[in-house]
Amino acid sequence: MKLSLKISPLIKLLPFLCLVACASIPSPTANWHVDAVSLYDSGHDKGTEIIGVQQTTLRAVLSNFDTGEVDVLDVSKPTHLKRTARFNLGLTKGEELTSVAFHPTLDVFAAVIDAGNSPGRLEMRSASTGAVLDRLTVGFGPDAVVFSGDGSVLMIANEGEDFLFEPLNKQFFSPEGSISLVRLSKTGHINSHKNLELADVINHQTIVINQGGRFMEREIDWNGDGKISKKIDFNGDGVIDKKKVLLGYFEGRDVFGTETSGEKKILIPVKTHSPALLEPEYIAISPDASKAYVTLQEDDAVAVVDLRTEQVISYYGLGASQHKTDSHYDGWVKFDQALTGLREPDGITTVADGRYFVTADEGDTDSDSASLADNQPTSGGRSVSVFDAATGTLLGDTGNQLDETAFANKIYPERRSSKKGSEPEMLVAVELDGIPHVAVGMERAGAVELISLADPRHPKVVALGKIAGDENKSPEGIAHFEVAGEHYVITANEMSGTVECFKISRHRAE
């Protein structure tokens, strides 16, 4: 049965017309509920991006990329989240706080700062006073920081996504991404550090070879005035319109910009697997701290790090998700169009026993339909995928359950149908009644969906929780914790300046 709903400006105001009965939609309340129980307002309009919880003390650290601040929250009463401290990290112009993580047991949190065209840094700080305990220069563009379960290892994904423009030769270039591996003392101080470089992966059999037509949108100071202009007259003809203008070259490929998007969306072609385009996004450390799995989003791959030998030992190509979707923003919602989408995951996690890693297949690149080669897949799987951690073999994915469940709950962002749908962003593993699950934040739908991995070859969406409010929420970071045997997930909603706490509970039939 097709899902079909005609949407007009008037009909959008009539909620009852959005109710759709269809057997193909996964039931969001079959066994579990995900219910919002509290909302923390940071007092800022935006910026609340990454959150991490220390289970032993039931405290959380929350980063704000817009203000450069870290909030410490008391989550011991999930129905009433309370801020206990706020620390301004004292960043300088051009720096950005990109990620935080709470040490599993110590009164310490880690923060990473992106310094633009200079190497970034790691700061180890007291969670009680905010004082700097230790610091370290890391790679370019640090974007995520995670601790191992025992707190002895800390890893950083240095994305290296910033681009520079050299006007004399009209060349664009970018620093290479890398992975920082840090060993910590029992007091949380830095014992050792190694920066792991990433190899050219084009010869790995499982990596998708691009035939052309994919690009990344990047903010680049093209004219060298020290700011990013939203609109700019690239060709100097005195008129700013939607035309594409050739701006220069990246590794021999043409780089274009659209004048109405200015320097905020300069189009970098993704046609080679050069080290400059290997951009580590997020990291999952195995439960025994023997390996780490690092998403390389733009390359649709995962790098595997052996933490004992401190080397990148393998790359897993993630392939494409194939299912039916709604791929046109045309006023109709119809999940009947074929999608072949490169997974290009953002978030990644491992399950409790370490047998699987699970990815949130958001997508990051974009496609130029006029230049796509025949059968070239688009960007973003719109799915959550389960892989064998030992071999990288795909076991199964959710297909289009994520978008269909959002639609069934009247929060599907139809305006994003021609883009990447509801956009699964970050995810966290949750063990419920001995069965592995993951909770995933849906960036564009403003929700959390709970997925059962009881059968890893057929992961199933079993519940959805909505983030409160009508404004743009954009859940980014997500974490799990327990209080008195009850399970909770918490999301940092970067576009509303809030944090939402959800309780996961079993639905009991009367």
# chains A, B, ... in the order shown; residues from 1 in each chain; ligands from 1
call {"tool": "closest_atom_pairs", "arguments": {"of": "stretch 333-442 of chain A", "to": "stretch 490-502 of chain A", "cutoff": "10 Å", "atoms": "only C-alpha atoms", "output": "CSV"}}
result
residue,atom,partner,partner_atom,distance
A:Met426,CA,A:Thr491,CA,9.5
A:Leu427,CA,A:Thr491,CA,9.9
A:Ala439,CA,A:Ile490,CA,9.9
A:Val440,CA,A:Thr491,CA,9.6
A:Gly441,CA,A:Thr491,CA,7.4
call {"tool": "write_last_selection", "arguments": {"atoms": "N, CA, C and O atoms", "output": "mmCIF file, in the first residue's frame"}}
result
data_model
loop_
_atom_site.group_PDB
_atom_site.id
_atom_site.type_symbol
_atom_site.label_atom_id
_atom_site.label_comp_id
_atom_site.auth_asym_id
_atom_site.auth_seq_id
_atom_site.Cartn_x
_atom_site.Cartn_y
_atom_site.Cartn_z
ATOM 1 N N MET A 426 23.123 11.330 15.499
ATOM 2 C CA MET A 426 23.963 10.596 16.443
ATOM 3 C C MET A 426 23.118 9.523 17.109
ATOM 4 O O MET A 426 21.886 9.621 17.163
ATOM 5 N N LEU A 427 23.785 8.505 17.639
ATOM 6 C CA LEU A 427 23.049 7.426 18.279
ATOM 7 C C LEU A 427 23.830 6.865 19.448
ATOM 8 O O LEU A 427 25.045 7.057 19.558
ATOM 9 N N ALA A 439 19.260 4.234 20.418
ATOM 10 C CA ALA A 439 18.401 5.409 20.325
ATOM 11 C C ALA A 439 19.109 6.400 19.411
ATOM 12 O O ALA A 439 20.300 6.682 19.588
ATOM 13 N N VAL A 440 18.387 6.910 18.411
ATOM 14 C CA VAL A 440 18.992 7.784 17.411
ATOM 15 C C VAL A 440 18.233 9.104 17.361
ATOM 16 O O VAL A 440 17.006 9.138 17.379
ATOM 17 N N GLY A 441 18.988 10.201 17.332
ATOM 18 C CA GLY A 441 18.390 11.514 17.187
ATOM 19 C C GLY A 441 18.110 11.811 15.728
ATOM 20 O O GLY A 441 18.970 11.602 14.867
#
call {"tool": "select_by_dssp", "arguments": {"residues": "stretch 31-273 of chain A", "states": "strand (DSSP E or B)", "output": "ChimeraX atom specification"}}
result
/A:32-41,48-54,59-64,69-74,82-88,96-102,108-115,118-126,132-140,142-147,153-158,164-166,171-173,178-184,190-197,214-218,244-250,253-258,266-269
call {"tool": "closest_residue", "arguments": {"among": "A:Pro104, A:Gln401, A:Phe147, A:Ser290", "to": "A:Thr309", "atoms": "only C-alpha atoms"}}
result
A:Ser290
call {"tool": "atom_distance", "arguments": {"atom1": "atom CA of A:Asp241", "atom2": "atom CA of A:Leu168"}}
result
25.5 Å
call {"tool": "atom_distance", "arguments": {"atom1": "atom CA of A:Thr98", "atom2": "atom CA of A:Gly120"}}
result
10.2 Å
call {"tool": "atom_distance", "arguments": {"atom1": "atom CA of A:Asp299", "atom2": "atom CA of A:Thr258"}}
result
24.4 Å
call {"tool": "residues_around", "arguments": {"residues": "stretch 386-400 of chain A", "least_positions_apart": "6", "cutoff": "6 Å", "atoms": "only C-alpha atoms", "output": "list in words"}}
result
Tyr316, His323, Arg355, Tyr356, Phe357, Val358, Arg457, His458 and Pro459 of chain A
call {"tool": "closest_residue", "arguments": {"among": "A:Asp288, A:Ser192, A:Gly177, A:His33", "to": "A:Val462", "atoms": "only C-alpha atoms"}}
result
A:His33
call {"tool": "closest_residue", "arguments": {"among": "A:Met216, A:Ala144, A:Ala115, A:Ala360", "to": "A:Glu49", "atoms": "only C-alpha atoms"}}
result
A:Ala144
call {"tool": "residues_around", "arguments": {"residues": "A:Lys291", "least_positions_apart": "2", "cutoff": "8 Å", "atoms": "only C-alpha atoms", "output": "JSON, numbers by chain"}}
result
{"A": [285, 286, 288, 289, 293, 304, 305, 306, 307, 308]}
call {"tool": "residues_around", "arguments": {"residues": "A:Ala199", "least_positions_apart": "5", "cutoff": "9 Å", "atoms": "only C-alpha atoms", "output": "ChimeraX atom specification"}}
result
/A:274-275,278,312
call {"tool": "residues_around", "arguments": {"residues": "A:Leu136", "least_positions_apart": "6", "cutoff": "8 Å", "atoms": "only C-alpha atoms", "output": "list in words"}}
result
Arg121, Leu122 and Glu123 of chain A
call {"tool": "select_by_dssp", "arguments": {"residues": "stretch 104-336 of chain A", "states": "helix (DSSP H, G or I)", "output": "short mmCIF file (atom, residue, chain, number, x, y, z; two decimals) with C-alpha atoms, in the first residue's frame"}}
result
data_model
loop_
_atom_site.label_atom_id
_atom_site.label_comp_id
_atom_site.auth_asym_id
_atom_site.auth_seq_id
_atom_site.Cartn_x
_atom_site.Cartn_y
_atom_site.Cartn_z
CA GLY A 262 28.14 33.33 -1.16
CA GLU A 263 31.09 31.94 0.77
CA LYS A 264 28.83 29.85 3.03
CA LYS A 265 28.29 27.15 0.42
CA PRO A 275 43.94 12.27 2.18
CA ALA A 276 42.59 15.83 2.15
CA LEU A 277 39.05 14.45 1.90
CA GLN A 297 31.51 10.36 6.41
CA GLU A 298 32.35 11.83 3.01
CA ASP A 299 34.03 8.58 1.96
#
call {"tool": "residues_around", "arguments": {"residues": "A:Phe256", "least_positions_apart": "6", "cutoff": "7 Å", "atoms": "only C-alpha atoms", "output": "PDB file with N, CA, C and O atoms, in the first residue's frame"}}
result
ATOM      1  N   LYS A 244      25.996  29.881 -11.116  1.00  0.00           N
ATOM      2  CA  LYS A 244      27.223  29.269 -10.617  1.00  0.00           C
ATOM      3  C   LYS A 244      28.419  29.904 -11.303  1.00  0.00           C
ATOM      4  O   LYS A 244      28.403  30.120 -12.514  1.00  0.00           O
ATOM      5  N   VAL A 245      29.462  30.172 -10.505  1.00  0.00           N
ATOM      6  CA  VAL A 245      30.658  30.822 -11.023  1.00  0.00           C
ATOM      7  C   VAL A 245      31.868  29.947 -10.704  1.00  0.00           C
ATOM      8  O   VAL A 245      32.014  29.460  -9.578  1.00  0.00           O
ATOM      9  N   LEU A 246      32.728  29.726 -11.683  1.00  0.00           N
ATOM     10  CA  LEU A 246      33.966  28.983 -11.464  1.00  0.00           C
ATOM     11  C   LEU A 246      34.905  29.832 -10.617  1.00  0.00           C
ATOM     12  O   LEU A 246      35.278  30.941 -11.002  1.00  0.00           O
ATOM     13  N   LEU A 247      35.285  29.303  -9.449  1.00  0.00           N
ATOM     14  CA  LEU A 247      36.103  30.068  -8.512  1.00  0.00           C
ATOM     15  C   LEU A 247      37.562  29.641  -8.503  1.00  0.00           C
ATOM     16  O   LEU A 247      38.432  30.416  -8.117  1.00  0.00           O
ATOM     17  N   ILE A 266      30.421  27.052  -0.733  1.00  0.00           N
ATOM     18  CA  ILE A 266      31.279  26.828  -1.890  1.00  0.00           C
ATOM     19  C   ILE A 266      31.356  25.319  -2.132  1.00  0.00           C
ATOM     20  O   ILE A 266      31.477  24.524  -1.200  1.00  0.00           O
ATOM     21  N   LEU A 267      31.255  24.914  -3.396  1.00  0.00           N
ATOM     22  CA  LEU A 267      31.056  23.513  -3.757  1.00  0.00           C
ATOM     23  C   LEU A 267      32.381  22.835  -4.080  1.00  0.00           C
ATOM     24  O   LEU A 267      32.962  23.026  -5.156  1.00  0.00           O
TER      25      LEU A 267
END
call {"tool": "decode", "arguments": {"residues": "stretch 139-259 of chain A", "atoms": "C-alpha atoms", "output": "PDB file, in the first residue's frame"}}
result
ATOM      1  CA  GLY A 139      45.220  17.726  14.674  1.00  0.00           C
ATOM      2  CA  PHE A 140      43.321  20.157  12.473  1.00  0.00           C
ATOM      3  CA  GLY A 141      39.619  20.645  13.107  1.00  0.00           C
ATOM      4  CA  PRO A 142      38.976  18.384  16.134  1.00  0.00           C
ATOM      5  CA  ASP A 143      35.274  17.549  15.975  1.00  0.00           C
ATOM      6  CA  ALA A 144      34.584  14.755  18.481  1.00  0.00           C
ATOM      7  CA  VAL A 145      36.136  13.463  21.704  1.00  0.00           C
ATOM      8  CA  VAL A 146      35.324  10.166  23.458  1.00  0.00           C
ATOM      9  CA  PHE A 147      36.625   8.186  26.453  1.00  0.00           C
ATOM     10  CA  SER A 148      37.048   4.431  26.687  1.00  0.00           C
ATOM     11  CA  GLY A 149      34.823   2.710  29.241  1.00  0.00           C
ATOM     12  CA  ASP A 150      37.615   2.524  31.836  1.00  0.00           C
ATOM     13  CA  GLY A 151      38.784   6.096  31.214  1.00  0.00           C
ATOM     14  CA  SER A 152      42.358   5.134  30.323  1.00  0.00           C
ATOM     15  CA  VAL A 153      42.077   6.106  26.651  1.00  0.00           C
ATOM     16  CA  LEU A 154      40.753   9.239  25.008  1.00  0.00           C
ATOM     17  CA  MET A 155      40.322   9.628  21.261  1.00  0.00           C
ATOM     18  CA  ILE A 156      39.685  12.646  19.058  1.00  0.00           C
ATOM     19  CA  ALA A 157      38.376  12.780  15.492  1.00  0.00           C
ATOM     20  CA  ASN A 158      40.301  15.602  13.797  1.00  0.00           C
ATOM     21  CA  GLU A 159      38.069  16.317  10.842  1.00  0.00           C
ATOM     22  CA  GLY A 160      40.300  18.816   9.060  1.00  0.00           C
ATOM     23  CA  GLU A 161      37.350  20.111   7.027  1.00  0.00           C
ATOM     24  CA  ASP A 162      38.381  23.767   6.728  1.00  0.00           C
ATOM     25  CA  PHE A 163      39.473  24.882   3.270  1.00  0.00           C
ATOM     26  CA  LEU A 164      41.788  27.703   2.252  1.00  0.00           C
ATOM     27  CA  PHE A 165      41.999  29.533  -1.060  1.00  0.00           C
ATOM     28  CA  GLU A 166      45.245  30.658  -2.672  1.00  0.00           C
ATOM     29  CA  PRO A 167      44.154  33.400  -5.131  1.00  0.00           C
ATOM     30  CA  LEU A 168      47.361  33.641  -7.174  1.00  0.00           C
ATOM     31  CA  ASN A 169      47.002  30.098  -8.538  1.00  0.00           C
ATOM     32  CA  LYS A 170      43.274  29.835  -7.786  1.00  0.00           C
ATOM     33  CA  GLN A 171      43.844  26.691  -5.758  1.00  0.00           C
ATOM     34  CA  PHE A 172      41.732  25.381  -2.877  1.00  0.00           C
ATOM     35  CA  PHE A 173      43.394  23.147  -0.294  1.00  0.00           C
ATOM     36  CA  SER A 174      42.605  21.607   3.068  1.00  0.00           C
ATOM     37  CA  PRO A 175      44.672  20.148   5.933  1.00  0.00           C
ATOM     38  CA  GLU A 176      44.505  16.390   6.265  1.00  0.00           C
ATOM     39  CA  GLY A 177      42.229  14.774   8.815  1.00  0.00           C
ATOM     40  CA  SER A 178      43.675  12.539  11.525  1.00  0.00           C
ATOM     41  CA  ILE A 179      42.864  10.624  14.707  1.00  0.00           C
ATOM     42  CA  SER A 180      44.402  11.526  18.082  1.00  0.00           C
ATOM     43  CA  LEU A 181      45.010   8.687  20.528  1.00  0.00           C
ATOM     44  CA  VAL A 182      45.676   9.868  24.093  1.00  0.00           C
ATOM     45  CA  ARG A 183      46.680   7.729  27.075  1.00  0.00           C
ATOM     46  CA  LEU A 184      45.612   9.074  30.474  1.00  0.00           C
ATOM     47  CA  SER A 185      46.894   8.607  34.002  1.00  0.00           C
ATOM     48  CA  LYS A 186      44.671   7.515  36.882  1.00  0.00           C
ATOM     49  CA  THR A 187      44.233  11.188  37.746  1.00  0.00           C
ATOM     50  CA  GLY A 188      43.121  12.111  34.244  1.00  0.00           C
ATOM     51  CA  HIS A 189      46.361  13.765  33.160  1.00  0.00           C
ATOM     52  CA  ILE A 190      47.903  13.129  29.747  1.00  0.00           C
ATOM     53  CA  ASN A 191      50.537  10.383  29.739  1.00  0.00           C
ATOM     54  CA  SER A 192      51.123  10.055  26.001  1.00  0.00           C
ATOM     55  CA  HIS A 193      49.715  11.137  22.660  1.00  0.00           C
ATOM     56  CA  LYS A 194      49.934   9.835  19.113  1.00  0.00           C
ATOM     57  CA  ASN A 195      48.400  11.361  16.004  1.00  0.00           C
ATOM     58  CA  LEU A 196      47.330   8.649  13.566  1.00  0.00           C
ATOM     59  CA  GLU A 197      47.407   9.594   9.909  1.00  0.00           C
ATOM     60  CA  LEU A 198      44.934   8.178   7.429  1.00  0.00           C
ATOM     61  CA  ALA A 199      46.080   6.419   4.272  1.00  0.00           C
ATOM     62  CA  ASP A 200      44.779   6.830   0.728  1.00  0.00           C
ATOM     63  CA  VAL A 201      41.892   4.328   0.649  1.00  0.00           C
ATOM     64  CA  ILE A 202      41.212   4.262  -3.085  1.00  0.00           C
ATOM     65  CA  ASN A 203      42.706   0.769  -3.475  1.00  0.00           C
ATOM     66  CA  HIS A 204      40.550  -0.790  -0.769  1.00  0.00           C
ATOM     67  CA  GLN A 205      38.080  -3.041  -2.553  1.00  0.00           C
ATOM     68  CA  THR A 206      35.076  -2.129  -0.410  1.00  0.00           C
ATOM     69  CA  ILE A 207      35.409   1.637  -0.858  1.00  0.00           C
ATOM     70  CA  VAL A 208      32.980   3.279  -3.259  1.00  0.00           C
ATOM     71  CA  ILE A 209      34.803   4.794  -6.246  1.00  0.00           C
ATOM     72  CA  ASN A 210      33.183   8.052  -7.260  1.00  0.00           C
ATOM     73  CA  GLN A 211      32.376   8.598 -10.910  1.00  0.00           C
ATOM     74  CA  GLY A 212      31.653  12.284 -10.449  1.00  0.00           C
ATOM     75  CA  GLY A 213      28.784  14.562  -9.553  1.00  0.00           C
ATOM     76  CA  ARG A 214      29.146  14.652  -5.741  1.00  0.00           C
ATOM     77  CA  PHE A 215      30.328  17.672  -3.830  1.00  0.00           C
ATOM     78  CA  MET A 216      30.631  19.090  -0.323  1.00  0.00           C
ATOM     79  CA  GLU A 217      29.314  22.481   0.725  1.00  0.00           C
ATOM     80  CA  ARG A 218      31.999  24.314   2.691  1.00  0.00           C
ATOM     81  CA  GLU A 219      32.365  27.769   4.242  1.00  0.00           C
ATOM     82  CA  ILE A 220      35.517  29.311   2.764  1.00  0.00           C
ATOM     83  CA  ASP A 221      36.941  32.829   3.008  1.00  0.00           C
ATOM     84  CA  TRP A 222      37.383  33.113  -0.757  1.00  0.00           C
ATOM     85  CA  ASN A 223      38.164  36.832  -0.944  1.00  0.00           C
ATOM     86  CA  GLY A 224      40.426  36.866   2.126  1.00  0.00           C
ATOM     87  CA  ASP A 225      38.524  39.547   4.051  1.00  0.00           C
ATOM     88  CA  GLY A 226      38.421  37.489   7.247  1.00  0.00           C
ATOM     89  CA  LYS A 227      34.697  36.795   7.205  1.00  0.00           C
ATOM     90  CA  ILE A 228      32.183  34.498   5.509  1.00  0.00           C
ATOM     91  CA  SER A 229      29.795  36.444   3.273  1.00  0.00           C
ATOM     92  CA  LYS A 230      26.305  35.029   2.723  1.00  0.00           C
ATOM     93  CA  LYS A 231      26.054  36.691  -0.687  1.00  0.00           C
ATOM     94  CA  ILE A 232      28.879  37.797  -2.945  1.00  0.00           C
ATOM     95  CA  ASP A 233      29.439  39.012  -6.498  1.00  0.00           C
ATOM     96  CA  PHE A 234      31.915  36.302  -7.478  1.00  0.00           C
ATOM     97  CA  ASN A 235      32.409  37.350 -11.102  1.00  0.00           C
ATOM     98  CA  GLY A 236      32.339  41.102 -10.495  1.00  0.00           C
ATOM     99  CA  ASP A 237      29.562  41.903 -12.957  1.00  0.00           C
ATOM    100  CA  GLY A 238      27.680  43.994 -10.415  1.00  0.00           C
ATOM    101  CA  VAL A 239      24.767  41.551 -10.163  1.00  0.00           C
ATOM    102  CA  ILE A 240      24.251  38.895  -7.478  1.00  0.00           C
ATOM    103  CA  ASP A 241      22.029  36.072  -8.701  1.00  0.00           C
ATOM    104  CA  LYS A 242      21.742  32.270  -8.575  1.00  0.00           C
ATOM    105  CA  LYS A 243      24.292  31.584 -11.310  1.00  0.00           C
ATOM    106  CA  LYS A 244      27.223  29.269 -10.617  1.00  0.00           C
ATOM    107  CA  VAL A 245      30.658  30.822 -11.023  1.00  0.00           C
ATOM    108  CA  LEU A 246      33.966  28.983 -11.464  1.00  0.00           C
ATOM    109  CA  LEU A 247      36.103  30.068  -8.512  1.00  0.00           C
ATOM    110  CA  GLY A 248      39.192  27.892  -8.813  1.00  0.00           C
ATOM    111  CA  TYR A 249      40.386  24.326  -8.547  1.00  0.00           C
ATOM    112  CA  PHE A 250      40.822  21.544  -6.022  1.00  0.00           C
ATOM    113  CA  GLU A 251      43.165  18.736  -7.013  1.00  0.00           C
ATOM    114  CA  GLY A 252      42.585  19.516 -10.668  1.00  0.00           C
ATOM    115  CA  ARG A 253      38.793  19.670 -10.357  1.00  0.00           C
ATOM    116  CA  ASP A 254      36.605  22.721 -10.861  1.00  0.00           C
ATOM    117  CA  VAL A 255      35.259  24.475  -7.760  1.00  0.00           C
ATOM    118  CA  PHE A 256      32.074  26.520  -8.123  1.00  0.00           C
ATOM    119  CA  GLY A 257      30.142  28.951  -5.997  1.00  0.00           C
ATOM    120  CA  THR A 258      26.598  30.293  -6.225  1.00  0.00           C
ATOM    121  CA  GLU A 259      26.452  34.030  -5.684  1.00  0.00           C
TER     122      GLU A 259
END
